[in-house]
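Here is coords27.csv, consisting of CSV, N, CA and C atoms:
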chain,number,residue,atom,x,y,z
R,1231,MET,N,-0.4,1.7,-26.6
R,1231,MET,CA,0.0,1.7,-28.0
R,1231,MET,C,-1.2,1.0,-28.7
R,1232,PRO,N,-1.8,1.7,-29.7
R,1232,PRO,CA,-2.9,1.1,-30.4
R,1232,PRO,C,-2.4,0.0,-31.4
R,1233,LYS,N,-3.3,-1.0,-31.5
R,1233,LYS,CA,-3.0,-2.1,-32.4
R,1233,LYS,C,-3.0,-1.6,-33.9
R,1234,SER,N,-2.2,-2.3,-34.7
R,1234,SER,CA,-2.0,-1.8,-36.1
R,1234,SER,C,-3.3,-2.1,-36.9
R,1235,ARG,N,-4.1,-3.0,-36.5
R,1235,ARG,CA,-5.3,-3.3,-37.3
R,1235,ARG,C,-6.4,-3.8,-36.3
R,1236,PRO,N,-7.6,-3.7,-36.6
R,1236,PRO,CA,-8.7,-4.2,-35.7
R,1236,PRO,C,-8.5,-5.7,-35.5
R,1237,GLU,N,-8.9,-6.2,-34.3
R,1237,GLU,CA,-8.8,-7.6,-34.0
R,1237,GLU,C,-9.7,-8.4,-35.0
R,1238,TYR,N,-9.3,-9.6,-35.3
R,1238,TYR,CA,-10.0,-10.5,-36.1
R,1238,TYR,C,-11.3,-11.0,-35.3
R,1239,PRO,N,-12.4,-11.2,-36.0
R,1239,PRO,CA,-13.6,-11.7,-35.3
R,1239,PRO,C,-13.3,-13.2,-34.8
R,1240,ALA,N,-14.0,-13.5,-33.7
R,1240,ALA,CA,-13.8,-14.8,-33.0
R,1240,ALA,C,-14.1,-15.9,-34.0
R,1241,GLU,N,-15.2,-15.8,-34.7
R,1241,GLU,CA,-15.6,-16.8,-35.7
R,1241,GLU,C,-14.5,-17.1,-36.7
R,1242,PHE,N,-13.9,-16.0,-37.2
R,1242,PHE,CA,-12.8,-16.2,-38.2
R,1242,PHE,C,-11.7,-17.0,-37.6
R,1243,LYS,N,-11.3,-16.6,-36.4
R,1243,LYS,CA,-10.2,-17.3,-35.7
R,1243,LYS,C,-10.5,-18.8,-35.5
R,1244,LYS,N,-11.7,-19.0,-35.1
R,1244,LYS,CA,-12.2,-20.4,-34.9
R,1244,LYS,C,-12.1,-21.2,-36.2
R,1245,GLU,N,-12.5,-20.6,-37.3
R,1245,GLU,CA,-12.4,-21.3,-38.6
R,1245,GLU,C,-11.0,-21.6,-39.0
R,1246,ILE,N,-10.1,-20.6,-38.8
R,1246,ILE,CA,-8.7,-20.8,-39.2
R,1246,ILE,C,-8.1,-21.9,-38.3
R,1247,VAL,N,-8.4,-21.9,-37.0
R,1247,VAL,CA,-7.9,-23.0,-36.1
R,1247,VAL,C,-8.4,-24.3,-36.6
R,1248,GLU,N,-9.7,-24.4,-36.9
R,1248,GLU,CA,-10.2,-25.7,-37.4
R,1248,GLU,C,-9.5,-26.2,-38.7
R,1249,LEU,N,-9.2,-25.2,-39.6
R,1249,LEU,CA,-8.5,-25.6,-40.8
R,1249,LEU,C,-7.1,-26.0,-40.5
R,1250,ALA,N,-6.4,-25.4,-39.5
R,1250,ALA,CA,-5.1,-25.8,-39.2
R,1250,ALA,C,-5.1,-27.2,-38.5
R,1251,ARG,N,-6.1,-27.5,-37.7
R,1251,ARG,CA,-6.2,-28.8,-37.1
R,1251,ARG,C,-6.6,-29.9,-38.1
R,1252,ALA,N,-7.2,-29.5,-39.2
R,1252,ALA,CA,-7.6,-30.4,-40.2
R,1252,ALA,C,-6.4,-30.8,-41.1
R,1253,GLY,N,-5.2,-30.2,-40.8
R,1253,GLY,CA,-4.0,-30.6,-41.6
R,1253,GLY,C,-3.4,-29.6,-42.4
R,1254,ASN,N,-4.0,-28.4,-42.5
R,1254,ASN,CA,-3.5,-27.3,-43.3
R,1254,ASN,C,-2.4,-26.7,-42.5
R,1255,SER,N,-1.2,-26.4,-43.2
R,1255,SER,CA,-0.1,-25.8,-42.4
R,1255,SER,C,-0.4,-24.3,-42.2
R,1256,PRO,N,0.1,-23.8,-41.1
R,1256,PRO,CA,-0.1,-22.3,-40.9
R,1256,PRO,C,0.5,-21.5,-42.0
R,1257,ALA,N,1.6,-21.9,-42.6
R,1257,ALA,CA,2.2,-21.2,-43.7
R,1257,ALA,C,1.2,-21.1,-44.9
R,1258,LYS,N,0.6,-22.3,-45.2
R,1258,LYS,CA,-0.3,-22.3,-46.3
R,1258,LYS,C,-1.6,-21.5,-46.0
R,1259,LEU,N,-2.1,-21.5,-44.8
R,1259,LEU,CA,-3.2,-20.7,-44.4
R,1259,LEU,C,-2.9,-19.2,-44.5
R,1260,ALA,N,-1.6,-18.9,-44.1
R,1260,ALA,CA,-1.2,-17.5,-44.1
R,1260,ALA,C,-1.2,-16.9,-45.5
R,1261,LYS,N,-0.8,-17.8,-46.5
R,1261,LYS,CA,-0.8,-17.3,-47.9
R,1261,LYS,C,-2.3,-17.1,-48.4
R,1262,GLN,N,-3.1,-18.0,-47.9
R,1262,GLN,CA,-4.5,-17.9,-48.4
R,1262,GLN,C,-5.4,-16.9,-47.7
R,1263,TYR,N,-5.1,-16.6,-46.4
R,1263,TYR,CA,-5.8,-15.7,-45.6
R,1263,TYR,C,-4.8,-14.6,-45.1
R,1264,GLU,N,-5.3,-13.6,-44.5
R,1264,GLU,CA,-4.4,-12.5,-44.1
R,1264,GLU,C,-3.5,-12.7,-42.9
R,1265,PRO,N,-3.9,-13.4,-41.8
R,1265,PRO,CA,-3.0,-13.6,-40.7
R,1265,PRO,C,-1.7,-14.3,-41.0
R,1266,SER,N,-0.7,-13.9,-40.3
R,1266,SER,CA,0.6,-14.6,-40.5
R,1266,SER,C,0.6,-16.0,-39.9
R,1267,ALA,N,1.6,-16.8,-40.4
R,1267,ALA,CA,1.7,-18.1,-39.9
R,1267,ALA,C,2.0,-18.1,-38.4
R,1268,VAL,N,2.7,-17.2,-37.9
R,1268,VAL,CA,3.0,-17.1,-36.4
R,1268,VAL,C,1.7,-16.8,-35.7
R,1269,THR,N,0.9,-15.9,-36.2
R,1269,THR,CA,-0.4,-15.6,-35.6
R,1269,THR,C,-1.3,-16.8,-35.6
R,1270,ILE,N,-1.3,-17.5,-36.6
R,1270,ILE,CA,-2.2,-18.7,-36.7
R,1270,ILE,C,-1.7,-19.8,-35.7
R,1271,ARG,N,-0.4,-20.0,-35.6
R,1271,ARG,CA,0.1,-20.9,-34.6
R,1271,ARG,C,-0.3,-20.5,-33.2
R,1272,LYS,N,-0.2,-19.2,-32.9
R,1272,LYS,CA,-0.6,-18.7,-31.6
R,1272,LYS,C,-2.1,-18.9,-31.3
R,1273,TRP,N,-2.9,-18.8,-32.3
R,1273,TRP,CA,-4.4,-19.0,-32.2
R,1273,TRP,C,-4.6,-20.5,-31.9
R,1274,VAL,N,-3.9,-21.4,-32.6
R,1274,VAL,CA,-4.1,-22.8,-32.3
R,1274,VAL,C,-3.6,-23.2,-30.9
R,1275,ALA,N,-2.5,-22.6,-30.5
R,1275,ALA,CA,-2.0,-22.9,-29.1
R,1275,ALA,C,-3.0,-22.4,-28.1
R,1276,GLN,N,-3.5,-21.2,-28.3
R,1276,GLN,CA,-4.5,-20.6,-27.3
R,1276,GLN,C,-5.8,-21.4,-27.3
R,1277,ALA,N,-6.2,-21.9,-28.5
R,1277,ALA,CA,-7.4,-22.7,-28.5
R,1277,ALA,C,-7.2,-24.0,-27.8
R,1278,ASP,N,-6.0,-24.6,-28.0
R,1278,ASP,CA,-5.6,-25.8,-27.2
R,1278,ASP,C,-5.7,-25.6,-25.7
R,1279,LEU,N,-5.2,-24.5,-25.3
R,1279,LEU,CA,-5.2,-24.2,-23.8
R,1279,LEU,C,-6.6,-24.0,-23.3
R,1280,ASP,N,-7.4,-23.3,-24.1
R,1280,ASP,CA,-8.8,-23.0,-23.7
R,1280,ASP,C,-9.6,-24.3,-23.7
R,1281,GLU,N,-9.3,-25.3,-24.5
R,1281,GLU,CA,-10.1,-26.5,-24.6
R,1281,GLU,C,-9.5,-27.6,-23.8
R,1282,GLY,N,-8.4,-27.3,-23.0
R,1282,GLY,CA,-7.8,-28.3,-22.2
R,1282,GLY,C,-6.9,-29.3,-22.8
R,1283,ARG,N,-6.5,-29.1,-24.1
R,1283,ARG,CA,-5.7,-30.0,-24.8
R,1283,ARG,C,-4.2,-29.9,-24.4
R,1284,ARG,N,-3.9,-28.7,-23.8
R,1284,ARG,CA,-2.5,-28.5,-23.2
R,1284,ARG,C,-2.6,-27.7,-22.0
R,1285,GLU,N,-1.6,-27.7,-21.2
R,1285,GLU,CA,-1.7,-27.1,-19.9
R,1285,GLU,C,-0.4,-26.3,-19.6
R,1286,ASP,N,0.3,-25.8,-20.6
R,1286,ASP,CA,1.5,-25.1,-20.4
R,1286,ASP,C,1.4,-23.5,-20.5
R,1287,GLY,N,0.2,-23.1,-20.2
R,1287,GLY,CA,-0.1,-21.6,-20.3
R,1287,GLY,C,-1.4,-21.3,-19.7
R,1288,LEU,N,-1.8,-20.0,-19.9
R,1288,LEU,CA,-3.1,-19.5,-19.3
R,1288,LEU,C,-4.2,-19.6,-20.4
R,1289,THR,N,-5.3,-19.9,-19.9
R,1289,THR,CA,-6.5,-19.9,-20.8
R,1289,THR,C,-6.9,-18.5,-21.0
R,1290,THR,N,-7.8,-18.2,-22.0
R,1290,THR,CA,-8.2,-16.9,-22.3
R,1290,THR,C,-8.9,-16.3,-21.1
R,1291,ALA,N,-9.7,-17.1,-20.4
R,1291,ALA,CA,-10.4,-16.7,-19.2
R,1291,ALA,C,-9.4,-16.3,-18.1
R,1292,GLU,N,-8.4,-17.1,-17.9
R,1292,GLU,CA,-7.4,-16.8,-16.9
R,1292,GLU,C,-6.6,-15.5,-17.3
R,1293,ARG,N,-6.3,-15.3,-18.5
R,1293,ARG,CA,-5.6,-14.1,-19.0
R,1293,ARG,C,-6.5,-12.9,-18.7
R,1294,GLU,N,-7.8,-13.0,-18.9
R,1294,GLU,CA,-8.7,-11.8,-18.7
R,1294,GLU,C,-8.8,-11.5,-17.2
R,1295,GLU,N,-8.9,-12.6,-16.4
R,1295,GLU,CA,-8.9,-12.4,-14.9
R,1295,GLU,C,-7.6,-11.8,-14.4
R,1296,LEU,N,-6.5,-12.2,-14.9
R,1296,LEU,CA,-5.2,-11.6,-14.5
R,1296,LEU,C,-5.1,-10.2,-14.9
R,1297,ARG,N,-5.6,-9.8,-16.1
R,1297,ARG,CA,-5.6,-8.4,-16.6
R,1297,ARG,C,-6.5,-7.6,-15.6
R,1298,GLN,N,-7.7,-8.1,-15.3
R,1298,GLN,CA,-8.6,-7.4,-14.4
R,1298,GLN,C,-7.9,-7.2,-13.0
R,1299,LEU,N,-7.3,-8.3,-12.5
R,1299,LEU,CA,-6.7,-8.2,-11.1
R,1299,LEU,C,-5.5,-7.2,-11.1
R,1300,ARG,N,-4.8,-7.2,-12.2
R,1300,ARG,CA,-3.7,-6.2,-12.3
R,1300,ARG,C,-4.2,-4.8,-12.3
R,1301,ARG,N,-5.3,-4.6,-13.1
R,1301,ARG,CA,-5.9,-3.3,-13.1
R,1301,ARG,C,-6.4,-2.8,-11.8
R,1302,GLU,N,-7.1,-3.8,-11.1
R,1302,GLU,CA,-7.6,-3.5,-9.7
R,1302,GLU,C,-6.5,-3.2,-8.8
R,1303,ASN,N,-5.4,-4.0,-8.8
R,1303,ASN,CA,-4.3,-3.8,-8.0
R,1303,ASN,C,-3.7,-2.4,-8.2
R,1304,ARG,N,-3.5,-2.0,-9.4
R,1304,ARG,CA,-3.0,-0.7,-9.7
R,1304,ARG,C,-3.9,0.4,-9.1
R,1305,ARG,N,-5.2,0.3,-9.3
R,1305,ARG,CA,-6.1,1.3,-8.8
R,1305,ARG,C,-6.1,1.3,-7.3
R,1306,LEU,N,-6.0,0.2,-6.6
R,1306,LEU,CA,-5.9,0.2,-5.1
R,1306,LEU,C,-4.6,0.8,-4.6
R,1307,ARG,N,-3.5,0.6,-5.3
R,1307,ARG,CA,-2.3,1.2,-4.9
R,1307,ARG,C,-2.4,2.7,-5.0
R,1308,GLU,N,-3.0,3.2,-6.1
R,1308,GLU,CA,-3.2,4.6,-6.3
R,1308,GLU,C,-4.1,5.2,-5.2
R,1309,GLU,N,-5.1,4.5,-4.9
R,1309,GLU,CA,-6.0,5.0,-3.8
R,1309,GLU,C,-5.3,5.0,-2.5
R,1310,LYS,N,-4.5,4.0,-2.2
R,1310,LYS,CA,-3.7,3.9,-1.0
R,1310,LYS,C,-2.8,5.1,-0.9
R,1311,GLU,N,-2.1,5.4,-2.0
R,1311,GLU,CA,-1.2,6.6,-2.0
R,1311,GLU,C,-1.9,7.9,-1.7
R,1312,ILE,N,-3.1,8.0,-2.3
R,1312,ILE,CA,-3.9,9.2,-2.1
R,1312,ILE,C,-4.3,9.4,-0.7
R,1313,LEU,N,-4.8,8.2,-0.1
R,1313,LEU,CA,-5.2,8.3,1.3
R,1313,LEU,C,-4.0,8.6,2.3
R,1314,LYS,N,-2.9,8.1,1.9
R,1314,LYS,CA,-1.7,8.3,2.7
R,1314,LYS,C,-1.3,9.8,2.7
R,1315,LYS,N,-1.4,10.4,1.5
R,1315,LYS,CA,-1.1,11.8,1.4
R,1315,LYS,C,-2.2,12.7,2.1
R,1316,ALA,N,-3.4,12.3,2.0
R,1316,ALA,CA,-4.5,13.0,2.7
R,1316,ALA,C,-4.4,12.9,4.2
R,1317,ALA,N,-4.0,11.7,4.7
R,1317,ALA,CA,-3.9,11.6,6.1
R,1317,ALA,C,-2.7,12.4,6.6
R,1318,ALA,N,-1.6,12.5,5.9
R,1318,ALA,CA,-0.5,13.3,6.3
R,1318,ALA,C,-0.9,14.8,6.3
R,1319,TRP,N,-1.7,15.2,5.3
R,1319,TRP,CA,-2.1,16.6,5.2
R,1319,TRP,C,-3.0,17.0,6.3
R,1320,PHE,N,-4.0,16.1,6.6
R,1320,PHE,CA,-4.9,16.4,7.7
R,1320,PHE,C,-4.2,16.4,9.1
R,1321,ALA,N,-3.2,15.5,9.3
R,1321,ALA,CA,-2.4,15.5,10.5
R,1321,ALA,C,-1.6,16.8,10.7
R,1322,GLN,N,-1.1,17.3,9.6
R,1322,GLN,CA,-0.3,18.5,9.6
R,1322,GLN,C,-1.2,19.7,9.9
R,1323,GLU,N,-2.4,19.7,9.3
R,1323,GLU,CA,-3.4,20.8,9.5
R,1323,GLU,C,-3.9,20.8,10.9
R,1324,ALA,N,-4.0,19.6,11.5
R,1324,ALA,CA,-4.5,19.5,12.9
R,1324,ALA,C,-3.4,19.8,13.9
R,1325,GLY,N,-2.2,20.0,13.4
R,1325,GLY,CA,-1.1,20.3,14.3
R,1325,GLY,C,-0.5,19.1,15.1
R,1326,SER,N,-0.9,18.0,14.7
R,1326,SER,CA,-0.4,16.8,15.5
R,1326,SER,C,1.0,16.4,15.1
R,1327,ILE,N,1.5,16.9,14.0
R,1327,ILE,CA,2.9,16.7,13.6
R,1327,ILE,C,3.5,18.0,13.2
R,1328,PRO,N,4.7,18.3,13.6
R,1328,PRO,CA,5.3,19.6,13.2
R,1328,PRO,C,5.6,19.6,11.7
R,1329,SER,N,5.5,20.8,11.1
R,1329,SER,CA,5.8,20.9,9.7
R,1329,SER,C,7.3,20.7,9.5
R,1330,ARG,N,7.6,20.4,8.3
R,1330,ARG,CA,9.0,20.1,7.9
R,1330,ARG,C,10.0,21.2,8.1
R,1331,GLY,N,9.4,22.4,8.0
R,1331,GLY,CA,10.3,23.6,8.2
R,1331,GLY,C,10.6,24.0,9.6
R,1332,SER,N,9.9,23.5,10.6
R,1332,SER,CA,10.2,23.9,12.0
R,1332,SER,C,11.4,23.2,12.6
R,1333,ASN,N,12.0,23.8,13.6
R,1333,ASN,CA,13.1,23.2,14.2
R,1333,ASN,C,12.8,22.5,15.5
R,1334,SER,N,11.6,22.1,15.7
R,1334,SER,CA,11.2,21.5,17.0
R,1334,SER,C,11.5,20.0,17.0
Now that the file is in, can you turn its structure into C-alpha coordinates?
Amino acid sequence: MPKSRPEYPAEFKKEIVELARAGNSPAKLAKQYEPSAVTIRKWVAQADLDEGRREDGLTTAEREELRQLRRENRRLREEKEILKKAAAWFAQEAGSIPSRGSNS
(Lines of atoms letter the chains of each structure in order from A and count residues from 1; the text may use other names and numbers.)
(Lines give C-alpha, C1' and ligand atoms only; values in the text may rest on other atoms or scores of the structure.)
Protein backbone atom coordinates (compact mmCIF):
# COMPACT_ATOMS: atom_id res chain seq x y z
CA MET A 1 0.00 0.00 0.00
CA PRO A 2 1.64 3.29 -1.05
CA LYS A 3 2.12 6.04 1.47
CA SER A 4 -0.23 9.00 1.19
CA ARG A 5 2.63 11.48 0.86
CA PRO A 6 6.37 11.36 0.36
CA GLU A 7 8.47 10.85 3.46
CA TYR A 8 9.73 13.95 5.22
CA PRO A 9 13.46 14.65 4.77
CA ALA A 10 15.67 13.47 7.63
CA GLU A 11 16.94 17.01 8.28
CA PHE A 12 13.36 18.30 8.67
CA LYS A 13 12.55 15.52 11.15
CA LYS A 14 15.71 16.30 13.10
CA GLU A 15 14.80 20.00 13.34
CA ILE A 16 11.27 19.21 14.53
CA VAL A 17 12.65 16.80 17.16
CA GLU A 18 15.06 19.49 18.38
CA LEU A 19 12.21 22.02 18.60
CA ALA A 20 10.13 19.53 20.59
CA ARG A 21 13.02 18.83 22.95
CA ALA A 22 13.51 22.58 23.38
CA GLY A 23 10.10 22.75 25.03
CA ASN A 24 7.69 23.26 22.14
CA SER A 25 4.68 20.99 22.43
CA PRO A 26 3.94 18.57 19.58
CA ALA A 27 0.49 20.14 19.25
CA LYS A 28 1.99 23.62 18.80
CA LEU A 29 4.54 22.31 16.28
CA ALA A 30 1.78 20.48 14.40
CA LYS A 31 -0.11 23.74 13.95
CA GLN A 32 3.01 25.52 12.77
CA TYR A 33 4.33 22.72 10.51
CA GLU A 34 2.62 19.99 8.52
CA PRO A 35 3.20 16.78 10.54
CA SER A 36 0.56 15.82 13.10
CA ALA A 37 1.27 15.93 16.83
CA VAL A 38 1.19 12.10 16.92
CA THR A 39 3.79 11.94 14.14
CA ILE A 40 6.03 14.40 15.97
CA ARG A 41 5.75 12.38 19.20
CA LYS A 42 6.76 9.24 17.25
CA TRP A 43 9.76 11.06 15.77
CA VAL A 44 10.90 12.19 19.22
CA ALA A 45 10.46 8.67 20.64
CA GLN A 46 12.40 7.12 17.73
CA ALA A 47 15.17 9.70 18.09
CA ASP A 48 15.35 8.88 21.81
CA LEU A 49 15.73 5.18 20.97
CA ASP A 50 18.37 5.86 18.33
CA GLU A 51 20.37 8.05 20.73
CA GLY A 52 20.12 5.62 23.65
CA ARG A 53 17.92 7.89 25.77
CA ARG A 54 15.38 5.07 26.09
CA GLU A 55 15.45 1.32 25.62
CA ASP A 56 11.82 0.28 25.23
CA GLY A 57 11.89 -0.32 21.48
CA LEU A 58 13.99 -0.91 18.39
CA THR A 59 16.42 1.62 16.99
CA THR A 60 16.14 2.63 13.34
CA ALA A 61 19.14 0.41 12.51
CA GLU A 62 17.53 -2.55 14.31
CA ARG A 63 14.25 -1.98 12.48
CA GLU A 64 16.05 -1.96 9.13
CA GLU A 65 17.96 -5.13 10.01
CA LEU A 66 14.72 -6.83 11.06
CA ARG A 67 13.05 -5.77 7.80
CA GLN A 68 15.98 -7.18 5.78
CA LEU A 69 16.03 -10.43 7.75
CA ARG A 70 12.29 -10.92 7.24
CA ARG A 71 12.69 -10.27 3.53
CA GLU A 72 15.56 -12.78 3.33
CA ASN A 73 13.62 -15.33 5.37
CA ARG A 74 10.64 -15.02 2.99
CA ARG A 75 12.93 -15.45 -0.03
CA LEU A 76 14.63 -18.50 1.49
CA ARG A 77 11.27 -20.13 2.25
CA GLU A 78 10.18 -19.57 -1.35
CA GLU A 79 13.44 -21.05 -2.64
CA LYS A 80 13.06 -24.05 -0.32
CA GLU A 81 9.53 -24.66 -1.63
CA ILE A 82 10.74 -24.45 -5.25
CA LEU A 83 13.55 -26.92 -4.53
CA LYS A 84 11.14 -29.27 -2.80
CA LYS A 85 8.82 -29.26 -5.82
CA ALA A 86 11.74 -29.68 -8.22
CA ALA A 87 13.11 -32.64 -6.25
CA ALA A 88 9.69 -34.30 -6.27
CA TRP A 89 9.34 -33.74 -10.01
CA PHE A 90 12.81 -35.14 -10.76
CA ALA A 91 12.18 -38.14 -8.51
CA GLN A 92 8.92 -38.86 -10.32
CA GLU A 93 10.58 -38.44 -13.74
CA ALA A 94 13.37 -40.81 -12.73
CA GLY A 95 10.76 -43.38 -11.69
CA SER A 96 11.99 -43.66 -8.14
CA ILE A 97 8.54 -42.95 -6.74
CA PRO A 98 5.25 -44.10 -8.27
CA SER A 99 2.93 -41.47 -9.66
CA ARG A 100 -0.16 -40.62 -7.63
CA GLY A 101 -2.43 -42.22 -10.19
CA SER A 102 -0.93 -45.74 -10.02
CA ASN A 103 -2.25 -48.47 -7.73
CA SER A 104 1.10 -49.96 -6.75
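When atom C of Arg1304 in chain R is paired with atom N of Ser1234 in chain R, their separation reads 25.8 Å.
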*Sel. of alpha helix (DSSP H) residues, chain R, as a ChimeraX atom specification*: /R:1240-1251,1256-1262,1267-1280,1290-1324
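The environment of Ala1250 in chain R within 8 Å, counting only N, CA and C atoms and disregarding residues fewer than 5 places along the same chain, consists of Lys1244, Glu1245, Ser1255, Pro1256, Leu1259, Ile1270 and Val1274 of chain R.
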*Please indicate the distance in Å from atom C of Gln1262 in chain R to atom C of Ile1246 in chain R, rounded to one decimal place.*
11.0 Å
*Using only N, CA and C atoms, determine which residues lie at most 8 Å from Ala1275 in chain R, disregarding the query and same-chain residues fewer than 5 positions distant; provide the list as a ChimeraX atom specification.*
/R:1247,1269-1270,1280-1281,1284
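The coordinates place CA of Gln1276 in chain R at 7.9 Å from atom N of Leu1288 in chain R.
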